[in-house]
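Trainee: Below you will find the structure I want to go over with you.
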Amino acid sequence: MKDLAGTVEFNRQLAPRYYHIRLRLSEQVDVLPGQFAMLRPAALAEPILRRALAIHRAEDASVEFIYLVLGQGLEALSRIREGERVDVLCPLGNTYPTESVIDEGRRAVIVAGGVGSPALFMLASELVGRGADVRVYFGGRTKHDLPALDEFEALGCPVTVTTDDGSAGERGFVTVPLERDLALAGREASVVYACGPWPMMARVSEIAAGHAAKCYVSLEARMACGFGICVACVVEVCEGSFAPPFKYQKVCTEGPVFPAEAIVW
Amino acid sequence: MKDLAGTVEFNRQLAPRYYHIRLRLSEQVDVLPGQFAMLRPAALAEPILRRALAIHRAEDASVEFIYLVLGQGLEALSRIREGERVDVLCPLGNTYPTESVIDEGRRAVIVAGGVGSPALFMLASELVGRGADVRVYFGGRTKHDLPALDEFEALGCPVTVTTDDGSAGERGFVTVPLERDLALAGREASVVYACGPWPMMARVSEIAAGHAAKCYVSLEARMACGFGICVACVVEVCEGSFAPPFKYQKVCTEGPVFPAEAIVW
Amino acid sequence: MVTPRENGRDPRLAVEVAGIRFHNPVLTASGCCGYGLEFEPLFDLSRIGGICTKGLSAKPMQGNPPARIQETPAGMLNAIGLQNIGARAFIEQKLPRLREYDVRVLTNVFGYTIDDYVEAIHILNDGDGIDGYELNISCPNVKEGGLIIGNDPRAAAEVTEAVKRVAKRPVIVKLSPNISDVAGMARAIESAGADALSLINTLVGVSIDIRTRRPRIANVTGGLSGPAIRPVAVRMVMQAAAAVQIPLIGIGGIATAEDAVEFLIAGAAAVQIGTASFYDPLATVKAVEGLSAYLDETGTESIRTLTGSLDLSPPPRGH
Amino acid sequence: MVTPRENGRDPRLAVEVAGIRFHNPVLTASGCCGYGLEFEPLFDLSRIGGICTKGLSAKPMQGNPPARIQETPAGMLNAIGLQNIGARAFIEQKLPRLREYDVRVLTNVFGYTIDDYVEAIHILNDGDGIDGYELNISCPNVKEGGLIIGNDPRAAAEVTEAVKRVAKRPVIVKLSPNISDVAGMARAIESAGADALSLINTLVGVSIDIRTRRPRIANVTGGLSGPAIRPVAVRMVMQAAAAVQIPLIGIGGIATAEDAVEFLIAGAAAVQIGTASFYDPLATVKAVEGLSAYLDETGTESIRTLTGSLDLSPPPRGH
Ligand SMILES: Cc1cc2nc3c(=O)[nH]c(=O)nc-3n(C[C@H](O)[C@H](O)[C@H](O)COP(=O)(O)OP(=O)(O)OC[C@H]3O[C@@H](n4cnc5c(N)ncnc54)[C@H](O)[C@@H]3O)c2cc1C
Ligand SMILES: Cc1cc2nc3c(=O)[nH]c(=O)nc-3n(C[C@H](O)[C@H](O)[C@H](O)COP(=O)(O)OP(=O)(O)OC[C@H]3O[C@@H](n4cnc5c(N)ncnc54)[C@H](O)[C@@H]3O)c2cc1C
Ligand SMILES: Cc1cc2nc3c(=O)[nH]c(=O)nc-3n(C[C@H](O)[C@H](O)[C@H](O)COP(=O)(O)O)c2cc1C
Ligand SMILES: Cc1cc2nc3c(=O)[nH]c(=O)nc-3n(C[C@H](O)[C@H](O)[C@H](O)COP(=O)(O)O)c2cc1C
Ligand code: FES
Ligand code: FES
């Protein structure tokens with residue numbers, strides 16, 4: 001974890017309210033799939049807090065993010081232009097366990113919901129690169145809510161798309177083709193990695209459990225600091241799933257990736 | 001007074017911390033010399049208050065301002081670029097009485113201190129245009145603190161420059177050549193118009209009184225609203241100079257131009 | 001959905017507070033609108049629900065020396081010192097013109113002793129077109145050695161009772177936020193007969209120039225207002241709503257219709273916009289428009305159903 | 001002028017508070033630095049004056065359900081609910097490592113009853129390397145019969161006395177800002193034997209989601225912190241400084257050296273930085289550097305001369 005200055009290489013709009021930003025950092029950092037950063041335009045007076053964004057890509061001293069503007073903070077980020085500065089605390093958080101895929105040869109089933117996809121892209125890319133059997137299920141509300149779909153497709157692994165309104169791919173929830181997939185693959189054959197809205201992840205977790213597939217979820221939570229000092233970003237975990245048996249775990253340091261069965265959904 | 005949207009036509013740096021901005025307003029307004037506007041970048045979250053700036057030029061639906069960045073508000077304004085929006089409440093305040101110059105043919109002696117000059121430019125320009133005998137005394141700390149000096153010089157009237165450090169014009173305070181001028185011109189020959197730092201205006205007022213010259217000053221004050229609702233921007237006036245005999249007058253509505261003798265210096 | 005209109009107005013926005021009918025719940029806050037007329041060049045005063053004047057006293061007051069304000073993060077400090085033309089001059093010079101508009105007029109009144117309040121109210125009782133009184137009790141009490149009346153439930157109740165005895169119009173008492181027990185204060189004032197409460201006034205603050213080491217405001221302390229204080233104001237409205245039956249007017253950092261709705265949900269029947277009018281002179285009329293839009297979007301029948309509609313049931317997991 | 005250095009430090013910044021020598025006056029605020037070690041990857045902890053830990057209790061605590069925070073204009077609300085590992089675990093798991101740094105360690109302590117405080121202090125008395133205790137008597141998030149100890153001078157004095165009786169180290173009592181009479185509260189706590197005061201804790205606030213009509217924080221109320229509250233904090237430090245002899249630690253919205261200086265001039269001997277560390281993790285070390293720069297620029301001999309140096313003489317005209 002370092003507090004770095006990022007210089008905007010590009011910051012372009014992908015779809016209504018979706019942006020893709022690339023920053024050159026003042027120092028090189030090593031990033032693991034699933035890790036995130038806390039960002040804000042340099043010297044921004046308001047809003048004061050940084051925003052958490054998953055690291056979508058990282059190479060040398062550059063990092064990329066894909067974000068959906070919900071409010072004032074990311075709105076301010078979306079107005080930043082080439083050459084301007086962004087404060088970047090990174091990399092933060094843990095990573096996805098991949099032993100079962102890499103060492104035991106299980107299938108990697110990646111389930112992305114909307115802007116949850118950036119948190120999964122490095123994972124997909126790395127697993128494909130290592131020759132694993134990877135497939136991606138990507139759901140969005142509309143065809144505009146499938147950020148970086150082209151980048152997932154370019155990886156060469158099968159990508160199944162769903163939208164709530166049928167404007168792209170299959171109409172309906174992403175959990176429908178996921179369930180078909182896991183049923184066909186058989187018990188214990190897969191490791192599921194999911195990131196997306198809470199109800200989607202809750203359902204993915206349930207489906208995975210039903211097929212005895214390991215399941216890891218990358219969670220979001222309201223964060224003030226991103227590195228463990230505010231204790232704001234907690235999620236309730238099942239008894240005994242973390243030691244000592246604390247009911248609340250910090251998403252920023254104990255996560256953002258959790259075994260799905262540890263979470264009280 | 002109207003609350004208008006301004007679109008930036010240009011916003012360029014003149015010298016370290018000095019900027020010149022031109023805005024196209026959503027509606028045409030009639031501006032009198034000495035009037036001002038309250039501005040802020042549209043939808044700026046912080047700082048919340050608008051900043052008062054004298055209207056340097058106005059034609060059709062465009063207005064120009066020259067400003068010195070002291071803090072966060074004008075700093076934010078300085079970052080605004082062509083095509084971006086600025087909220088503009090204008091025109092505000094009163095104007096300079098010019099009867100003695102126009103009707104009685106007295107000399108107009110304009111004394112500008114640093115960034116006080118924009119508040120005097122329309123006056124100088126208008127008086128020159130009407131064929132009055134106008135001369136300008138322009139003082140600054142250094143040669144960088146003489147904003148729009150070229151524009152004053154282009155008017156064709158005599159312009160005497162002083163700087164505290166001698167980096168341009170005569171070394172010393174602008175009140176030195178002013179005093180010479182008034183002494184030469186004789187009693188009651190001149191009307192002095194001044195805008196600049198408080199101590200400068202206090203001294204100008206004293207000198208003018210010494211030569212029985214009428215003197216009007218354009219004051220600054222910390223303003224929240226600019227149109228009379230907060231009662232923040234007051235200046236202490238001499239007893240009897242305003243009716244009813246209130247000790248404090250609002251610079252934004254009773255001013256910014258006051259007869260120098262009305263002010264408790 | 002098209003906003004319903006009657007005489008150019010949205011009837012869903014009408015509210016009644018302290019027996020006064022406002023055609024919408026958006027008022028200007030005291031000290032942030034002069035005597036109302038200052039807005040004439042900007043908008044038709046009949047478009048907002050009410051005007052609450054600058055604090056009036058029986059006699060004119062000069063106010064504090066400058067500097068009177070200082071901007072602070074998302075807010076500002078002020079120590080205007082209650083400069084005003086006096087109750088009589090208000091009635092003679094301002095009220096006739098204000099009455100030309102279809103807007104309710106509350107006169108804000110302050111004093112340093114109970115007699116001060118009573119004297120001002122006696123004068124204002126003569127003012128035709130005044131709809132109600134708002135008592136600013138956040139002034140130092142000269143008799144009690146500078147103690148702030150609004151910080152002491154007993155003193156606040158005494159002022160309220162004394163004013164109620166003479167007032168010919170509804171009395172709204174404006175709470176100080178510089179107290180620990182809002183509920184107790186609200187109850188004391190309700191028991192003393194107030195028709196409504198308005199809250200909050202400003203929080204006491206100080207700002208220092210680190211170069212000169214002087215306070216940035218001549219009066220040393222000032223009142224903190226603006227968006228910065230909104231969470232404190234919403235909390236106090238919520239606590240007061242739970243404590244009393246009389247209606248509440250919410251004040252503190254309201255700049256938009258969304259902010260106003262927050263106060264209504266917390267328990268207010270109407271709101272006042274103060275500091276926001278300084279930096280957005282049309283804030284009040286924009287808020288009125290925004291409230292209609294909010295009712296449209298959310299399919300809410302009337303603004304009155306929002307008051308106190310805070311949902312305290314456990315939220316769904318995951319957000 | 002070149003900043004003087006001794007062992008890489010600026011000796012002009014050293015201060016003593018409650019008998020504890022800090023090599024500079026910049027501390028982390030409780031609840032805004034975990035147990036201090038979280039900053040290890042970012043900077044050498046020996047660079048700041050002190051660490052004031054997350055509030056500790058005798059037993060571990062789970063804290064409140066999420067959502068625990070909400071951003072507000074120039075600030076944030078929090079209702080963490082004092083989640084902590086407990087005093088014993090702190091001594092065993094965190095303190096040994098903290099002691100490797102040359103930084104003073106204050107443990108913040110809270111409780112719901114006097115016994116809670118005493119029990120926690122008994123445990124912490126065993127912790128070698130703890131320099132002092134800070135008592136949180138003002139956490140607005142935890143209710144004990146609704147009343148908050150820090151809002152009642154008598155209760156606050158009782159806690160202070162009880163703790164002083166058992167504490168082996170200096171006791172700093174942290175004031176609640178949700179009170180009307182800071183001076184009285186400060187005097188009560190001073191009389192009860194406190195070695196220093198720290199102030200302010202958070203202001204109680206509420207934020208409501210106008211779509212769901214639910215509070216944005218699960219606990220309903222939260223504590224307001226950040227730049228928004230700075231003017232209130234500076235004012236309370238100024239008032240407390242006028243009321244007591246014991247030293248003060250200033251807290252509330254401090255983000256930079258300039259902000260820190262404002263508190264020192266108002267009367268503080270040291271400061272704590274809280275919320276700012278969330279959005280500027282290096283805020284504390286930057287403030288230390290900035291204080292040296294301020295001394296250089298202003299030709300000030302030592303940071304100690306700033307404390308209480310507020311100039312209340314009339315300012316020159318014209319501003
Ligand atoms: C570890 C982590 C990784 C993340 N990665 C990404 C990413 O790669 N791309 C991306 O677009 N977002 C990501 N997010 C979510 C992102 O941090 C929030 O959407 C962002 O903080 C919102 O900021 P804002 O300024 O747009 O809106 P705010 O002004 O902060 O909030 C606006 C509104 O949205 C609500 N809101 C805030 N956060 C969330 C949320 N997480 N979910 C739903 N509603 C919310 C608020 O309550 C408010 O009503 C991630 C979050 C975490 C914790
Ligand atoms: C009627 C009127 C006309 C004006 N015309 C112009 C103009 O044409 N061009 C121009 O550059 N300025 C003009 N000013 C002054 C200008 O309004 C202030 O300088 C400006 O508000 C400062 O804003 P800021 O955001 O840069 O600094 P702020 O953040 O507001 O202040 C930064 C620092 O400067 C100090 N400060 C604030 N205002 C002043 C002031 N007036 N004088 C000295 N110190 C101050 C503050 O106390 C603070 O320490 C005018 C003011 C008035 C009232
Ligand atoms: C400049 C100024 C002057 C004020 N004058 C008064 C006053 O005379 N009487 C009063 O009761 N409140 C006065 N107030 C308080 C406001 O009416 C309001 O309660 C407070 O500012 C909080 O609301 P806001 O955040 O919307 O400004 C004043 C506030 C400001 C900023
Ligand atoms: C997330 C958070 C947690 C806090 N926890 C504690 C605590 O455990 N004990 C305590 O005394 N104060 C606690 N505080 C209050 C701070 O120490 C500080 O007094 C307050 O936030 C004001 O300072 P700031 O504006 O710099 O944050 C907490 C504040 C925040 C924001
Ligand atoms: S975001 Fe602060 S502890 Fe996780
Ligand atoms: S600036 Fe508000 S009254 Fe003059």
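Order determines the names: the first chain of the structure tokens is A, the second B, and so forth; residues in each chain are numbered 1 upward, and ligands are numbered 1 upward as they are shown.
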By least-squares superposition of chain C on chain D, using all C-alpha atoms in order, what RMSD in Å to one decimal is obtained?
Mentor: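 Chain D versus chain C: RMSD of 1.1 Å.
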Trainee: For ligand 6, list the contacting residues at 8 Å or closer, counting only C-alpha atoms and all ligand atoms, as a list in words.
Mentor: Ala221, Arg222, Met223, Ala224, Cys225, Gly226, Phe227, Gly228, Ile229, Cys230, Val231, Ala232, Cys233, Val234, Lys250, Val251, Cys252 and Thr253 of chain B; Phe278 of chain C
Trainee: Pick out the chain D residues within 10 Å of chain A. Count only C-alpha atoms. Give them as a short mmCIF file (atom, residue, chain, number, x, y, z; two decimals) with C-alpha atoms, in the first residue's frame.
Mentor:
```cif
data_model
loop_
_atom_site.label_atom_id
_atom_site.label_comp_id
_atom_site.auth_asym_id
_atom_site.auth_seq_id
_atom_site.Cartn_x
_atom_site.Cartn_y
_atom_site.Cartn_z
CA SER D 30 -9.01 7.92 18.44
CA GLY D 31 -10.99 5.79 16.02
CA CYS D 32 -9.14 7.28 13.09
CA CYS D 33 -5.90 5.28 13.24
CA GLY D 34 -6.92 1.78 14.28
CA TYR D 35 -4.23 0.72 16.76
CA GLY D 36 -1.58 2.80 15.01
CA LEU D 37 0.08 -0.12 13.24
CA GLU D 38 -2.19 0.26 10.24
CA PHE D 39 -0.01 3.24 9.25
CA GLU D 40 3.20 1.17 9.23
CA PRO D 41 3.27 0.67 5.46
CA LEU D 42 2.77 4.41 4.92
CA PHE D 43 5.19 6.15 7.27
CA THR D 53 -5.85 4.34 19.85
CA LYS D 54 -9.33 3.28 18.90
CA PRO D 60 -13.88 -6.96 23.07
CA MET D 61 -16.89 -5.34 21.39
CA GLN D 62 -18.64 -6.10 18.14
CA GLY D 63 -19.80 -2.61 17.28
CA ASN D 64 -22.82 -1.54 15.26
CA PRO D 65 -24.24 -3.16 12.16
CA PRO D 66 -23.47 -1.43 8.85
CA ALA D 67 -23.98 1.10 7.31
CA ARG D 68 -21.64 2.75 9.77
CA ILE D 69 -20.73 5.92 7.91
CA GLN D 70 -22.21 8.52 5.61
CA GLU D 71 -20.41 11.37 3.96
CA THR D 72 -21.91 14.85 4.52
CA PRO D 73 -20.87 18.34 3.36
CA ALA D 74 -17.20 18.73 4.35
CA GLY D 75 -17.62 15.96 6.87
CA MET D 76 -18.94 12.54 7.68
CA ASN D 78 -20.03 7.65 11.88
CA ALA D 79 -21.58 5.15 14.19
CA ILE D 80 -18.92 2.48 14.39
CA GLY D 81 -20.23 1.46 17.78
CA LEU D 82 -16.79 1.15 19.36
CA GLN D 83 -15.84 -2.17 17.80
CA ASN D 84 -12.53 -3.09 19.46
CA ILE D 85 -10.40 -6.07 20.38
CA GLY D 226 -14.27 16.50 9.55
CA PRO D 227 -13.61 20.07 8.36
CA GLY D 274 -8.95 12.25 12.82
CA THR D 275 -11.10 12.17 9.70
CA ALA D 276 -8.40 13.78 7.55
CA SER D 277 -6.31 10.61 7.81
CA PHE D 278 -9.07 8.76 5.97
CA TYR D 279 -8.80 10.88 2.86
CA ASP D 280 -5.18 11.92 3.27
CA PRO D 281 -3.40 9.03 4.99
CA LEU D 282 -0.24 11.09 5.34
#
```
Trainee: Would you list the contacts of segment 123-132 of chain A as a ChimeraX atom specification, taking every protein, DNA or RNA residue within 8 Å and counting only C-alpha atoms, but skipping same-chain residues closer than 5 positions in sequence?
Mentor: /A:33-34,96,101-102,105,107-108,110,152,155,157
Trainee: Using only C-alpha atoms, which residue out of B:Pro197, B:Gly6, B:Gly73, B:Pro158 lies closest to chain A?
Mentor: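 When distances to chain A are compared using only C-alpha atoms, the smallest one comes from B:Gly73.
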Trainee: Give me, please, the distance in Å between atom CA of Val288 of chain C and atom 17 (O, counted along the ligand's line) of ligand 3, quoted to one decimal.
Mentor: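 Value for the atom CA of Val288 of chain C-atom 17 (O, counted along the ligand's line) of ligand 3 distance: 18.5 Å.
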Trainee: What gap, in Å, lies between atom CA of Arg135 of chain A and atom CA of Ser62 of chain A?
Mentor: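 One can read the atom CA of Arg135 of chain A to atom CA of Ser62 of chain A distance as 26.9 Å.
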Trainee: Could you list the protein, DNA and RNA residues that have any atom within 9 Å of ligand 1, counting only C-alpha atoms and all ligand atoms, and write them as a count of residues only?
Mentor: 59
Trainee: Step one, run DSSP on the backbone; step two, keep only residues of segment 88-277 of chain C assigned to helix (DSSP H, G or I); then write them as a PyMOL selection string.
Mentor: chain C and resi 88-98+114-124+149-151+153-166+182-191+227-243+257-266+276-277
Trainee: Per residue of chain C within 8 Å of chain D, what are the shortest atom pair and its distance in Å to one decimal, counting only C-alpha atoms, with rows by chain and residue number, as a Markdown table?
Mentor:
```
| residue | atom | partner | partner_atom | distance |
| --- | --- | --- | --- | --- |
| C:Pro66 | CA | D:His319 | CA | 7.2 |
| C:Ala67 | CA | D:His319 | CA | 6.3 |
| C:Thr72 | CA | D:Pro231 | CA | 7.4 |
| C:Pro73 | CA | D:Ala228 | CA | 5.2 |
| C:Ala74 | CA | D:Ala74 | CA | 5.7 |
| C:Gly75 | CA | D:Ala228 | CA | 7.3 |
| C:Asn151 | CA | D:Ser180 | CA | 6.3 |
| C:Asn178 | CA | D:Ser180 | CA | 5.0 |
| C:Ile179 | CA | D:Ser180 | CA | 4.6 |
| C:Ser180 | CA | D:Ile179 | CA | 4.6 |
| C:Leu203 | CA | D:Val232 | CA | 7.0 |
| C:Val204 | CA | D:Val232 | CA | 6.1 |
| C:Gly205 | CA | D:Val232 | CA | 4.2 |
| C:Val206 | CA | D:Arg235 | CA | 4.7 |
| C:Ser207 | CA | D:Pro231 | CA | 5.7 |
| C:Ile208 | CA | D:Glu262 | CA | 5.8 |
| C:Asp209 | CA | D:Glu262 | CA | 7.3 |
| C:Ile210 | CA | D:Glu262 | CA | 5.9 |
| C:Arg211 | CA | D:Thr298 | CA | 7.9 |
| C:Thr212 | CA | D:Asp311 | CA | 7.8 |
| C:Arg213 | CA | D:Leu310 | CA | 5.3 |
| C:Arg214 | CA | D:Asp311 | CA | 5.0 |
| C:Pro215 | CA | D:Leu312 | CA | 7.2 |
| C:Ala218 | CA | D:Pro314 | CA | 7.8 |
| C:Val220 | CA | D:Leu312 | CA | 7.9 |
| C:Thr221 | CA | D:Arg235 | CA | 7.1 |
| C:Leu224 | CA | D:Pro231 | CA | 7.5 |
| C:Pro227 | CA | D:Pro73 | CA | 5.8 |
| C:Ala228 | CA | D:Ala228 | CA | 5.0 |
| C:Ile229 | CA | D:Ala228 | CA | 7.3 |
| C:Pro231 | CA | D:Gly205 | CA | 4.5 |
| C:Val232 | CA | D:Gly205 | CA | 4.2 |
| C:Ala233 | CA | D:Gly205 | CA | 7.3 |
| C:Val234 | CA | D:Val206 | CA | 5.7 |
| C:Arg235 | CA | D:Val206 | CA | 4.7 |
| C:Met236 | CA | D:Gly205 | CA | 7.9 |
| C:Glu258 | CA | D:Ile210 | CA | 7.1 |
| C:Val261 | CA | D:Ile210 | CA | 6.6 |
| C:Glu262 | CA | D:Ile208 | CA | 5.8 |
| C:Ile265 | CA | D:Arg213 | CA | 6.8 |
| C:Ala266 | CA | D:Ile208 | CA | 7.8 |
| C:Thr298 | CA | D:Arg211 | CA | 7.9 |
| C:Ser309 | CA | D:Arg213 | CA | 7.0 |
| C:Leu310 | CA | D:Arg213 | CA | 5.3 |
| C:Asp311 | CA | D:Arg214 | CA | 4.9 |
| C:Leu312 | CA | D:Arg214 | CA | 6.3 |
| C:Pro314 | CA | D:Ala218 | CA | 7.8 |
| C:Pro315 | CA | D:Arg214 | CA | 7.7 |
| C:His319 | CA | D:Ala67 | CA | 7.0 |
```
Trainee: Any chance you can output those residues with C-alpha atoms as a PDB file, in the first residue's frame?
Mentor:
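Done, and the output landed in part-v3.pdb:
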```pdb
ATOM      1  CA  PRO C  66     -16.938  44.300  10.513  1.00  0.00           C
ATOM      2  CA  ALA C  67     -15.588  41.724   9.703  1.00  0.00           C
ATOM      3  CA  THR C  72     -15.603  27.908   6.547  1.00  0.00           C
ATOM      4  CA  PRO C  73     -15.721  24.369   5.091  1.00  0.00           C
ATOM      5  CA  ALA C  74     -19.205  23.969   3.579  1.00  0.00           C
ATOM      6  CA  GLY C  75     -20.432  26.806   5.748  1.00  0.00           C
ATOM      7  CA  ASN C 151     -29.628  27.349  26.294  1.00  0.00           C
ATOM      8  CA  ASN C 178     -25.910  24.687  21.335  1.00  0.00           C
ATOM      9  CA  ILE C 179     -27.627  22.455  23.876  1.00  0.00           C
ATOM     10  CA  SER C 180     -27.398  18.815  24.863  1.00  0.00           C
ATOM     11  CA  LEU C 203     -23.825  26.697  16.097  1.00  0.00           C
ATOM     12  CA  VAL C 204     -21.296  28.874  17.869  1.00  0.00           C
ATOM     13  CA  GLY C 205     -17.919  28.824  16.159  1.00  0.00           C
ATOM     14  CA  VAL C 206     -14.596  30.632  15.881  1.00  0.00           C
ATOM     15  CA  SER C 207     -12.108  31.034  13.063  1.00  0.00           C
ATOM     16  CA  ILE C 208      -8.606  32.410  13.555  1.00  0.00           C
ATOM     17  CA  ASP C 209      -6.258  34.017  11.044  1.00  0.00           C
ATOM     18  CA  ILE C 210      -2.988  32.194  11.712  1.00  0.00           C
ATOM     19  CA  ARG C 211      -0.882  35.025  10.279  1.00  0.00           C
ATOM     20  CA  THR C 212      -2.286  37.826  12.441  1.00  0.00           C
ATOM     21  CA  ARG C 213      -3.398  35.454  15.244  1.00  0.00           C
ATOM     22  CA  ARG C 214      -6.637  37.399  15.353  1.00  0.00           C
ATOM     23  CA  PRO C 215     -10.179  36.086  15.198  1.00  0.00           C
ATOM     24  CA  ALA C 218     -14.634  41.143  14.930  1.00  0.00           C
ATOM     25  CA  VAL C 220     -14.650  36.773  18.013  1.00  0.00           C
ATOM     26  CA  THR C 221     -17.399  34.122  17.991  1.00  0.00           C
ATOM     27  CA  LEU C 224     -22.007  28.573  11.936  1.00  0.00           C
ATOM     28  CA  PRO C 227     -24.543  22.710   4.514  1.00  0.00           C
ATOM     29  CA  ALA C 228     -21.902  21.830   7.126  1.00  0.00           C
ATOM     30  CA  ILE C 229     -24.489  21.889   9.914  1.00  0.00           C
ATOM     31  CA  PRO C 231     -26.740  16.649   9.807  1.00  0.00           C
ATOM     32  CA  VAL C 232     -26.920  18.311  13.221  1.00  0.00           C
ATOM     33  CA  ALA C 233     -30.104  20.141  12.224  1.00  0.00           C
ATOM     34  CA  VAL C 234     -31.796  17.015  10.855  1.00  0.00           C
ATOM     35  CA  ARG C 235     -30.954  15.178  14.063  1.00  0.00           C
ATOM     36  CA  MET C 236     -32.416  17.928  16.222  1.00  0.00           C
ATOM     37  CA  GLU C 258     -33.800  17.169  -1.617  1.00  0.00           C
ATOM     38  CA  VAL C 261     -37.394  16.613   1.987  1.00  0.00           C
ATOM     39  CA  GLU C 262     -34.834  15.254   4.433  1.00  0.00           C
ATOM     40  CA  ILE C 265     -39.139  13.176   6.678  1.00  0.00           C
ATOM     41  CA  ALA C 266     -37.323  13.878   9.953  1.00  0.00           C
ATOM     42  CA  THR C 298     -42.125   9.332  -6.025  1.00  0.00           C
ATOM     43  CA  SER C 309     -42.359   9.586   7.738  1.00  0.00           C
ATOM     44  CA  LEU C 310     -38.891   8.398   8.750  1.00  0.00           C
ATOM     45  CA  ASP C 311     -38.742   4.613   8.390  1.00  0.00           C
ATOM     46  CA  LEU C 312     -36.888   3.078  11.329  1.00  0.00           C
ATOM     47  CA  PRO C 314     -34.361  -2.595   9.758  1.00  0.00           C
ATOM     48  CA  PRO C 315     -33.010  -2.056   6.221  1.00  0.00           C
ATOM     49  CA  HIS C 319     -26.891  -1.766   1.659  1.00  0.00           C
TER      50      HIS C 319
END
```
Trainee: I need the strand (DSSP E or B) residues of segment 3-179 of chain A per DSSP on the backbone, written as a count of residues only.
Mentor: 70
Trainee: Closest to chain B among A:Ala208, A:Met200, A:Leu178, A:Ile80, using only C-alpha atoms?
Mentor: A:Ile80
Trainee: If we count only C-alpha atoms and set the cut-off at 9 Å, which residues sit around segment 153-168 of chain D, ignoring sequence neighbours fewer than 5 positions away in its own chain? Please answer as a list in words.
Mentor: Thr113, Ile114, Asp115, Tyr117, Val118, Ile121, His122, Leu124, Asn125, Gly132, Tyr133, Leu135, Ile137, Ile148, Val173, Gly184, Met185, Ala186, Arg187, Ala188, Ile189, Glu190, Ser191, Ala192, Gly193 and Ala194 of chain D
Trainee: Give me, as an NGL selection string, all polymer residues having an atom no more than 12 Å from Asp164 of chain A, counting only C-alpha atoms and skipping those fewer than 3 positions away in the same chain.
Mentor: :A and (113-114 or 138-146 or 161 or 167-176)
